[in-house]
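Asks: Dropping in model-v1.tsv, which is TSV, C-alpha atoms:
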```
chain	number	residue	atom	x	y	z
C	1	MET	CA	-32.79	-19.68	-24.27
C	2	GLN	CA	-33.22	-21.00	-20.71
C	3	GLN	CA	-32.66	-24.53	-22.02
C	4	PHE	CA	-29.11	-23.60	-23.03
C	5	THR	CA	-28.10	-21.48	-20.02
C	6	LEU	CA	-26.79	-24.26	-17.77
C	7	PRO	CA	-24.76	-26.16	-20.41
C	8	LEU	CA	-23.31	-22.90	-21.76
C	9	VAL	CA	-22.22	-21.62	-18.34
C	10	ALA	CA	-20.88	-25.04	-17.30
C	11	GLY	CA	-19.10	-25.37	-20.63
C	12	SER	CA	-17.51	-21.92	-20.31
C	13	LEU	CA	-16.23	-22.63	-16.79
C	14	SER	CA	-14.90	-26.05	-17.75
C	15	LEU	CA	-13.12	-24.55	-20.77
C	16	LEU	CA	-11.40	-21.97	-18.56
C	17	GLY	CA	-10.41	-24.77	-16.22
C	18	LEU	CA	-9.01	-26.89	-19.05
C	19	VAL	CA	-6.96	-24.02	-20.45
C	20	THR	CA	-5.55	-23.26	-17.00
C	21	LEU	CA	-4.79	-26.94	-16.41
C	22	ALA	CA	-3.04	-27.18	-19.78
C	23	SER	CA	-0.74	-24.42	-18.56
C	24	VAL	CA	-0.05	-25.36	-14.93
C	25	SER	CA	-0.39	-29.17	-15.09
C	26	PRO	CA	-0.39	-30.45	-18.71
C	27	GLU	CA	-0.12	-34.08	-17.62
C	28	LEU	CA	-3.58	-33.84	-15.99
C	29	MET	CA	-5.33	-31.85	-18.71
C	30	GLN	CA	-6.04	-34.79	-21.04
C	31	ARG	CA	-7.53	-36.84	-18.21
C	32	GLN	CA	-9.68	-33.88	-17.14
C	33	LEU	CA	-10.83	-33.49	-20.75
C	34	LEU	CA	-12.13	-37.07	-20.63
C	35	PHE	CA	-13.88	-36.33	-17.33
C	36	VAL	CA	-15.53	-33.27	-18.85
C	37	PHE	CA	-16.64	-35.13	-21.97
C	38	ALA	CA	-18.06	-38.05	-19.96
C	39	SER	CA	-19.80	-35.70	-17.51
C	40	PHE	CA	-21.53	-33.77	-20.29
C	41	LEU	CA	-22.80	-37.06	-21.73
C	42	VAL	CA	-24.17	-37.92	-18.28
C	43	PHE	CA	-25.68	-34.40	-18.11
C	44	TRP	CA	-27.73	-34.91	-21.27
C	45	PHE	CA	-28.83	-38.36	-20.11
C	46	VAL	CA	-29.84	-37.29	-16.59
C	47	ALA	CA	-31.63	-34.19	-17.91
C	48	ARG	CA	-34.10	-36.53	-19.63
C	49	ILE	CA	-35.05	-38.46	-16.49
C	50	PRO	CA	-38.36	-37.21	-14.98
C	51	ILE	CA	-38.04	-35.77	-11.48
C	52	LYS	CA	-40.66	-38.25	-10.23
C	53	SER	CA	-38.22	-41.06	-10.89
C	54	TRP	CA	-35.57	-39.34	-8.78
C	55	TRP	CA	-38.00	-38.94	-5.87
C	56	ASN	CA	-38.82	-42.67	-6.12
C	57	TRP	CA	-35.14	-43.62	-6.10
C	58	GLY	CA	-34.21	-41.32	-3.21
C	59	ASP	CA	-34.57	-43.84	-0.38
C	60	TRP	CA	-32.47	-46.47	-2.16
C	61	LEU	CA	-29.80	-43.95	-3.20
C	62	TRP	CA	-29.43	-42.69	0.38
C	63	LYS	CA	-29.19	-46.21	1.83
C	64	GLY	CA	-26.71	-47.21	-0.87
C	65	LEU	CA	-24.58	-44.16	-0.14
C	66	VAL	CA	-24.48	-44.93	3.60
C	67	VAL	CA	-23.51	-48.56	2.92
C	68	VAL	CA	-20.69	-47.46	0.59
C	69	LEU	CA	-19.39	-44.87	3.07
C	70	VAL	CA	-19.40	-47.43	5.89
C	71	GLY	CA	-17.65	-49.93	3.62
C	72	LEU	CA	-14.98	-47.35	2.82
C	73	LEU	CA	-14.26	-46.80	6.51
C	74	ILE	CA	-13.89	-50.56	7.06
C	75	PHE	CA	-12.14	-51.73	3.89
C	76	GLY	CA	-10.83	-48.55	2.21
C	77	ARG	CA	-7.24	-47.41	1.97
C	78	ALA	CA	-6.18	-43.95	3.03
C	79	THR	CA	-5.11	-41.50	0.32
C	80	ARG	CA	-3.76	-38.13	1.45
C	81	GLY	CA	-4.81	-39.03	4.96
C	82	ALA	CA	-8.48	-39.71	4.10
C	83	VAL	CA	-10.39	-42.88	3.27
C	84	ALA	CA	-12.64	-41.13	0.76
C	85	TRP	CA	-12.05	-42.82	-2.61
C	86	LEU	CA	-13.00	-46.09	-4.27
C	87	ASP	CA	-10.24	-47.51	-6.47
C	88	LEU	CA	-11.78	-48.33	-9.88
C	89	GLY	CA	-8.56	-49.53	-11.48
C	90	TRP	CA	-6.67	-48.06	-14.45
C	91	GLY	CA	-5.58	-45.22	-12.19
C	92	LEU	CA	-9.17	-44.03	-11.71
C	93	ARG	CA	-10.77	-43.27	-8.36
C	94	PHE	CA	-14.32	-42.35	-7.39
C	95	GLN	CA	-15.38	-40.25	-4.40
C	96	PRO	CA	-18.90	-41.31	-3.25
C	97	SER	CA	-19.22	-38.47	-0.73
C	98	GLN	CA	-19.53	-36.00	-3.62
C	99	PHE	CA	-23.04	-37.39	-4.16
C	100	ALA	CA	-24.12	-37.25	-0.51
C	101	LEU	CA	-26.04	-34.00	-0.93
C	102	LEU	CA	-28.04	-35.32	-3.88
C	103	ALA	CA	-28.95	-38.55	-2.09
C	104	THR	CA	-29.98	-36.71	1.08
C	105	CYS	CA	-32.11	-34.19	-0.82
C	106	LEU	CA	-33.91	-36.91	-2.78
C	107	VAL	CA	-34.89	-38.80	0.37
C	108	ALA	CA	-35.54	-35.83	2.69
C	109	ILE	CA	-37.27	-33.24	0.50
C	110	PRO	CA	-40.41	-35.33	-0.27
C	111	LYS	CA	-40.88	-35.74	3.49
C	112	PHE	CA	-39.96	-32.21	4.60
C	113	SER	CA	-40.70	-29.81	1.73
C	114	LYS	CA	-43.75	-28.32	3.46
C	115	LYS	CA	-43.01	-25.64	6.04
C	116	GLN	CA	-44.47	-27.04	9.24
C	117	ILE	CA	-43.80	-27.42	12.95
C	118	LEU	CA	-42.07	-30.79	13.25
C	119	SER	CA	-42.85	-33.30	15.95
C	120	ASP	CA	-39.95	-34.70	17.98
C	121	GLN	CA	-40.03	-37.89	15.93
C	122	LYS	CA	-40.00	-36.02	12.61
C	123	LEU	CA	-37.19	-33.75	13.78
C	124	LEU	CA	-35.07	-36.74	14.78
C	125	GLN	CA	-35.77	-38.34	11.41
C	126	LEU	CA	-34.61	-35.20	9.57
C	127	PHE	CA	-31.42	-34.99	11.64
C	128	TRP	CA	-30.75	-38.68	11.02
C	129	LEU	CA	-31.10	-38.32	7.25
C	130	ILE	CA	-28.71	-35.34	7.22
C	131	GLY	CA	-26.42	-36.37	10.06
C	132	ALA	CA	-25.58	-39.98	9.13
C	133	PRO	CA	-23.74	-39.11	5.86
C	134	LEU	CA	-22.18	-36.05	7.53
C	135	LEU	CA	-20.73	-38.15	10.37
C	136	LEU	CA	-19.40	-40.79	7.96
C	137	ILE	CA	-17.69	-38.13	5.82
C	138	LEU	CA	-16.15	-36.55	8.94
C	139	LEU	CA	-14.80	-39.95	9.99
C	140	GLN	CA	-12.94	-40.37	6.68
C	141	PRO	CA	-11.87	-37.55	7.52
C	142	ASP	CA	-12.78	-35.18	4.68
C	143	PHE	CA	-13.63	-31.86	6.32
C	144	GLY	CA	-13.89	-29.88	3.07
C	145	THR	CA	-16.59	-32.14	1.61
C	146	ALA	CA	-18.29	-32.41	5.00
C	147	PHE	CA	-18.45	-28.62	5.31
C	148	LEU	CA	-19.98	-28.18	1.84
C	149	TYR	CA	-22.49	-30.95	2.44
C	150	GLY	CA	-23.44	-29.62	5.88
C	151	ALA	CA	-23.79	-26.01	4.69
C	152	ALA	CA	-26.10	-26.91	1.80
C	153	ALA	CA	-28.08	-29.62	3.65
C	154	SER	CA	-28.68	-27.26	6.60
C	155	LEU	CA	-31.18	-25.43	4.39
C	156	LEU	CA	-33.47	-28.46	4.82
C	157	VAL	CA	-33.49	-27.69	8.56
C	158	PHE	CA	-33.91	-23.91	8.23
C	159	TRP	CA	-36.81	-24.53	5.85
C	160	GLN	CA	-38.85	-26.00	8.73
C	161	LYS	CA	-40.63	-24.26	11.60
C	162	ILE	CA	-38.60	-25.54	14.53
C	163	PRO	CA	-39.47	-24.43	18.11
C	164	LYS	CA	-36.99	-22.03	19.71
C	165	GLN	CA	-35.93	-24.43	22.45
C	166	TYR	CA	-34.59	-26.84	19.85
C	167	TRP	CA	-32.44	-24.08	18.32
C	168	ARG	CA	-30.91	-23.47	21.74
C	169	ILE	CA	-30.25	-27.17	22.19
C	170	GLY	CA	-28.79	-27.34	18.69
C	171	GLY	CA	-26.50	-24.39	19.38
C	172	ALA	CA	-25.20	-26.04	22.56
C	173	VAL	CA	-24.60	-29.32	20.73
C	174	LEU	CA	-22.69	-27.54	17.97
C	175	PHE	CA	-20.55	-25.71	20.53
C	176	PHE	CA	-19.55	-28.90	22.34
C	177	ALA	CA	-19.03	-30.68	19.02
C	178	ALA	CA	-16.67	-27.88	17.96
C	179	VAL	CA	-14.71	-28.17	21.22
C	180	ILE	CA	-14.44	-31.95	20.90
C	181	GLY	CA	-13.57	-31.70	17.21
C	182	TRP	CA	-10.81	-29.15	17.83
C	183	ASN	CA	-9.20	-31.17	20.62
C	184	PHE	CA	-9.73	-34.77	19.49
C	185	VAL	CA	-10.72	-34.90	15.79
C	186	LEU	CA	-8.72	-32.26	13.92
C	187	LYS	CA	-5.16	-33.27	13.13
C	188	PRO	CA	-2.27	-30.96	14.08
C	189	TYR	CA	-1.80	-29.67	10.52
C	190	GLN	CA	-5.52	-28.85	10.28
C	191	ARG	CA	-5.44	-26.88	13.52
C	192	ALA	CA	-2.27	-25.16	12.30
C	193	ARG	CA	-4.10	-23.97	9.17
C	194	ILE	CA	-6.75	-22.26	11.27
C	195	THR	CA	-4.31	-20.70	13.75
C	196	SER	CA	-2.15	-19.60	10.80
C	197	PHE	CA	-5.15	-17.85	9.26
C	198	MET	CA	-5.99	-16.14	12.55
C	199	ALA	CA	-2.40	-14.93	12.87
C	200	GLY	CA	-2.35	-13.63	9.31
C	201	SER	CA	-0.59	-15.39	6.45
C	202	GLN	CA	2.07	-12.70	6.15
C	203	ALA	CA	2.82	-12.66	9.87
C	204	ASP	CA	2.99	-16.45	10.08
C	205	THR	CA	6.33	-17.77	8.83
C	206	SER	CA	5.58	-21.41	9.61
C	207	ASP	CA	4.87	-24.14	7.07
C	208	ALA	CA	1.15	-23.87	7.89
C	209	GLY	CA	1.01	-20.38	6.38
C	210	TYR	CA	3.03	-21.28	3.28
C	211	ASN	CA	0.03	-22.18	1.08
C	212	ALA	CA	-1.80	-18.95	1.87
C	213	ARG	CA	1.29	-16.82	1.27
C	214	GLN	CA	2.05	-18.40	-2.10
C	215	SER	CA	-1.59	-18.05	-3.16
C	216	LEU	CA	-1.64	-14.35	-2.29
C	217	VAL	CA	1.62	-13.81	-4.20
C	218	ALA	CA	0.18	-15.57	-7.26
C	219	VAL	CA	-3.10	-13.62	-7.21
C	220	GLY	CA	-1.39	-10.27	-6.64
C	221	SER	CA	1.28	-10.78	-9.29
C	222	GLY	CA	-1.38	-11.25	-11.97
C	223	GLN	CA	-2.31	-7.56	-11.73
C	224	LEU	CA	-4.83	-6.40	-14.35
C	225	PHE	CA	-4.30	-8.63	-17.40
C	226	GLY	CA	-2.10	-11.40	-15.99
C	227	LYS	CA	1.30	-12.72	-16.96
C	228	GLY	CA	-0.06	-14.74	-19.84
C	229	ILE	CA	-0.81	-18.45	-20.26
C	230	GLY	CA	2.24	-20.49	-19.34
C	231	HIS	CA	4.08	-17.54	-17.76
C	232	GLY	CA	2.86	-17.68	-14.16
C	233	THR	CA	5.95	-18.02	-12.01
C	234	GLN	CA	4.25	-19.31	-8.84
C	235	SER	CA	2.35	-22.05	-10.68
C	236	GLN	CA	4.93	-22.90	-13.35
C	237	LEU	CA	7.80	-23.16	-10.84
C	238	ARG	CA	5.47	-25.08	-8.50
C	239	PHE	CA	5.80	-22.72	-5.57
C	240	LEU	CA	1.98	-22.78	-5.46
C	241	PRO	CA	0.78	-26.08	-3.90
C	242	GLU	CA	-2.26	-27.92	-5.28
C	243	ARG	CA	-2.27	-25.50	-8.20
C	244	GLN	CA	-4.61	-27.78	-10.17
C	245	THR	CA	-7.27	-28.27	-7.47
C	246	ASP	CA	-7.59	-26.16	-4.30
C	247	PHE	CA	-5.57	-23.23	-5.70
C	248	ILE	CA	-6.55	-23.27	-9.35
C	249	PHE	CA	-8.17	-19.84	-8.92
C	250	ALA	CA	-4.80	-18.44	-7.84
C	251	SER	CA	-3.20	-20.09	-10.89
C	252	LEU	CA	-5.85	-18.58	-13.13
C	253	ALA	CA	-5.56	-15.14	-11.52
C	254	GLU	CA	-1.78	-15.13	-11.97
C	255	GLU	CA	-1.97	-15.90	-15.69
C	256	TRP	CA	-5.28	-14.18	-16.60
C	257	GLY	CA	-5.14	-11.28	-14.15
C	258	LEU	CA	-8.02	-9.37	-12.59
C	259	VAL	CA	-9.93	-9.36	-15.87
C	260	GLY	CA	-9.87	-13.16	-16.14
C	261	SER	CA	-10.76	-13.53	-12.47
C	262	LEU	CA	-13.78	-11.26	-12.89
C	263	VAL	CA	-14.93	-13.31	-15.88
C	264	VAL	CA	-14.89	-16.46	-13.75
C	265	ILE	CA	-16.66	-14.75	-10.83
C	266	SER	CA	-19.27	-13.28	-13.20
C	267	LEU	CA	-20.02	-16.72	-14.64
C	268	TYR	CA	-20.57	-18.11	-11.16
C	269	ALA	CA	-22.73	-15.13	-10.20
C	270	TYR	CA	-24.86	-15.64	-13.30
C	271	LEU	CA	-25.17	-19.38	-12.58
C	272	ILE	CA	-26.30	-18.83	-8.98
C	273	GLN	CA	-28.67	-16.01	-10.00
C	274	PHE	CA	-30.19	-18.31	-12.62
C	275	LEU	CA	-30.69	-21.10	-10.07
C	276	LEU	CA	-32.36	-18.75	-7.58
C	277	LYS	CA	-34.62	-17.38	-10.30
C	278	GLN	CA	-35.68	-20.86	-11.34
C	279	ALA	CA	-36.33	-21.86	-7.73
C	280	ALA	CA	-38.72	-18.90	-7.42
C	281	ARG	CA	-40.52	-19.87	-10.63
C	282	MET	CA	-41.24	-23.47	-9.65
C	283	GLY	CA	-44.82	-24.18	-8.67
C	284	ASP	CA	-43.92	-27.29	-6.65
C	285	PRO	CA	-42.34	-26.62	-3.22
C	286	GLN	CA	-40.28	-29.82	-3.51
C	287	GLU	CA	-38.72	-28.64	-6.75
C	288	SER	CA	-38.14	-25.13	-5.41
C	289	LEU	CA	-36.38	-26.45	-2.31
C	290	LEU	CA	-34.19	-28.81	-4.34
C	291	ILE	CA	-32.96	-26.01	-6.61
C	292	LEU	CA	-32.39	-23.73	-3.60
C	293	VAL	CA	-30.19	-26.37	-1.95
C	294	ILE	CA	-28.22	-26.77	-5.18
C	295	ALA	CA	-27.77	-22.99	-5.41
C	296	VAL	CA	-26.49	-22.85	-1.81
C	297	TYR	CA	-24.08	-25.71	-2.60
C	298	PHE	CA	-22.51	-23.86	-5.53
C	299	LEU	CA	-22.49	-20.52	-3.72
C	300	THR	CA	-20.77	-21.99	-0.66
C	301	GLN	CA	-18.17	-23.86	-2.71
C	302	VAL	CA	-17.29	-20.82	-4.83
C	303	PHE	CA	-17.20	-18.45	-1.85
C	304	VAL	CA	-15.00	-20.74	0.26
C	305	ASN	CA	-12.56	-21.62	-2.52
C	306	ILE	CA	-12.03	-18.08	-3.77
C	307	GLY	CA	-12.01	-16.79	-0.18
C	308	MET	CA	-9.15	-19.08	0.80
C	309	ASN	CA	-7.28	-18.26	-2.43
C	310	ILE	CA	-7.27	-14.55	-1.61
C	311	GLY	CA	-6.63	-14.91	2.11
C	312	LEU	CA	-10.14	-14.14	3.39
C	313	LEU	CA	-10.77	-17.68	4.70
C	314	PRO	CA	-8.58	-20.45	6.14
C	315	ILE	CA	-7.37	-23.29	3.90
C	316	THR	CA	-10.06	-25.98	3.89
C	317	GLY	CA	-9.37	-28.16	0.86
C	318	VAL	CA	-12.49	-27.07	-1.07
C	319	THR	CA	-12.18	-27.12	-4.86
C	320	LEU	CA	-13.63	-24.68	-7.40
C	321	PRO	CA	-16.67	-26.32	-9.07
C	322	LEU	CA	-16.39	-27.09	-12.80
C	323	VAL	CA	-12.90	-25.55	-12.92
C	324	SER	CA	-10.66	-27.54	-10.57
C	325	TYR	CA	-9.20	-30.87	-11.59
C	326	GLY	CA	-11.21	-33.89	-10.42
C	327	GLY	CA	-13.64	-36.30	-12.04
C	328	SER	CA	-15.96	-37.05	-9.10
C	329	SER	CA	-16.47	-33.40	-8.23
C	330	PHE	CA	-17.12	-32.43	-11.85
C	331	LEU	CA	-19.54	-35.32	-12.38
C	332	ALA	CA	-21.46	-34.55	-9.17
C	333	SER	CA	-21.82	-30.89	-10.19
C	334	MET	CA	-23.06	-31.82	-13.65
C	335	VAL	CA	-25.61	-34.30	-12.27
C	336	LEU	CA	-27.02	-31.60	-9.97
C	337	LEU	CA	-27.23	-29.15	-12.87
C	338	ALA	CA	-28.82	-31.83	-15.09
C	339	ILE	CA	-31.65	-32.28	-12.59
C	340	VAL	CA	-32.20	-28.51	-12.61
C	341	GLN	CA	-32.14	-28.64	-16.40
C	342	GLN	CA	-34.92	-31.22	-16.37
C	343	LEU	CA	-37.00	-29.09	-14.00
C	344	VAL	CA	-36.46	-25.97	-16.13
C	345	GLY	CA	-37.57	-27.83	-19.25
C	346	LYS	CA	-40.62	-29.25	-17.49
C	347	ASN	CA	-41.60	-25.84	-16.12
C	348	SER	CA	-41.17	-24.18	-19.53
C	349	SER	CA	-43.41	-26.80	-21.14
C	350	GLN	CA	-46.10	-26.18	-18.54
C	351	ASP	CA	-45.86	-22.42	-19.13
C	352	HIS	CA	-46.37	-22.94	-22.87
C	353	LEU	CA	-49.43	-25.10	-22.17
C	354	ARG	CA	-50.92	-22.41	-19.94
C	355	VAL	CA	-50.38	-19.77	-22.61
C	356	ALA	CA	-51.93	-22.01	-25.24
```
Spell out the structure here as structure tokens.
Replies:
Amino acid sequence: MQQFTLPLVAGSLSLLGLVTLASVSPELMQRQLLFVFASFLVFWFVARIPIKSWWNWGDWLWKGLVVVLVGLLIFGRATRGAVAWLDLGWGLRFQPSQFALLATCLVAIPKFSKKQILSDQKLLQLFWLIGAPLLLILLQPDFGTAFLYGAAASLLVFWQKIPKQYWRIGGAVLFFAAVIGWNFVLKPYQRARITSFMAGSQADTSDAGYNARQSLVAVGSGQLFGKGIGHGTQSQLRFLPERQTDFIFASLAEEWGLVGSLVVISLYAYLIQFLLKQAARMGDPQESLLILVIAVYFLTQVFVNIGMNIGLLPITGVTLPLVSYGGSSFLASMVLLAIVQQLVGKNSSQDHLRVA
């Protein structure tokens, strides 16, 4: 049964996303259906690649990612204020930064999977492997993707035994980076989102608080069973911005109600619980750490997206995995789950051999 858990959960979430998209943005549903179909084909292909091959490719994948991200900053064109997408033609775009976490894990985990006190040289190497993609994503600037990447990749640092003085230095660096980022990196509308959240979406009547207010109205109006598919006023009348991506949970909650929302949250809870359970079962520390990082990635993305949809967190531009519209995000999520699928199958085979 474990062999079918990941595709069944991913399939259920993607189906809910497709139905919601068909209601709130029919013109995008067919394209998303193609993304889902292609991503599941990639899932079955990647799930058959041995994990040893991925470890061997890690160094080249990380270097290739850095080259592509640098190339984007030099030659790319800005879309929605960020130079984050490669134009593939035929109206298709690809976002390389969605695969930054995978590339970093594949190159860093073989070197840092053992819990040990790191030398200064090793510590600098770890920060370089994590920090180079993070800096390039921030320069695009794509703060939502950078936050997700940084939150999940930080587990690679916390996994190590780092002397206390380095934690103090790291805290000071983060503080000054936050001050510099607030004053010189964040754009006015991004600062306005944070100040709007601090003021309270209902108290703030500016444009910055508009998204949060409309999201709260959509979620609240769904009540217990929702208004029904195609009958959500906030999403259908397009009062709700980005109803197909950042605020698809609000769209779903308006039309499916609390019951539908709890179904989605339960599926995510089961997915993350399954990932944590599999991480604990792995006999190889490299494999355990990889699955833990993937679990943190999904947990962070779900928590942030739903949190901003219900007014608990500021608007950050983070999508809902496997539900929101977007080919690159969906493909990246399915590749991560496919690697876990391969590890689960390998571990199950070894268990059967031990029993035999």
Asks: So how many Å separate atom CA of C:Ala178 and atom CA of C:Ala84, to one decimal?
Replies: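 These atoms are spaced 22.1 Å apart.
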Asks: Would you mind listing what lies within 8 Å of C:Thr104 as a ChimeraX atom specification, with all atoms listed in the file counted and same-chain residues fewer than 3 positions away left out?
Replies: /C:58,62,100-101,107-108,129-130,153
Asks: Work out how far apart atom CA of C:Gly64 and atom CA of C:Lys122 are and give it in Å to one decimal.
Replies: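 A separation of 22.0 Å between them.
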Asks: What is the atom CA of C:Val335-atom CA of C:Phe45 distance in Å, reported with one decimal?
Replies: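 Separation between atom CA of C:Val335 and atom CA of C:Phe45: 9.4 Å.
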Asks: Rank nothing, just name the residue among C:Ile310, C:Ile229, C:Val68, C:Met282 nearest to C:Trp256, using all atoms listed in the file.
Replies: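 Closest to C:Trp256 of all the choices is C:Ile229.
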Asks: Could you build a table of the residues in stretch 283-342 of chain C lying no more than 10 Å from stretch 132-146 of chain C, giving for each the nearest pair of atoms and their separation in Å rounded to one decimal place, using all atoms listed in the file, ordered by chain and ascending residue number, as CSV?
Replies:
```
residue,atom,partner,partner_atom,distance
C:Gln301,CA,C:Gly144,CA,9.4
C:Val304,CA,C:Gly144,CA,9.6
C:Ile315,CA,C:Gly144,CA,9.3
C:Thr316,CA,C:Gly144,CA,5.5
C:Gly317,CA,C:Gly144,CA,5.3
C:Val318,CA,C:Gly144,CA,5.2
C:Thr319,CA,C:Gly144,CA,8.6
C:Ser329,CA,C:Thr145,CA,9.9
```
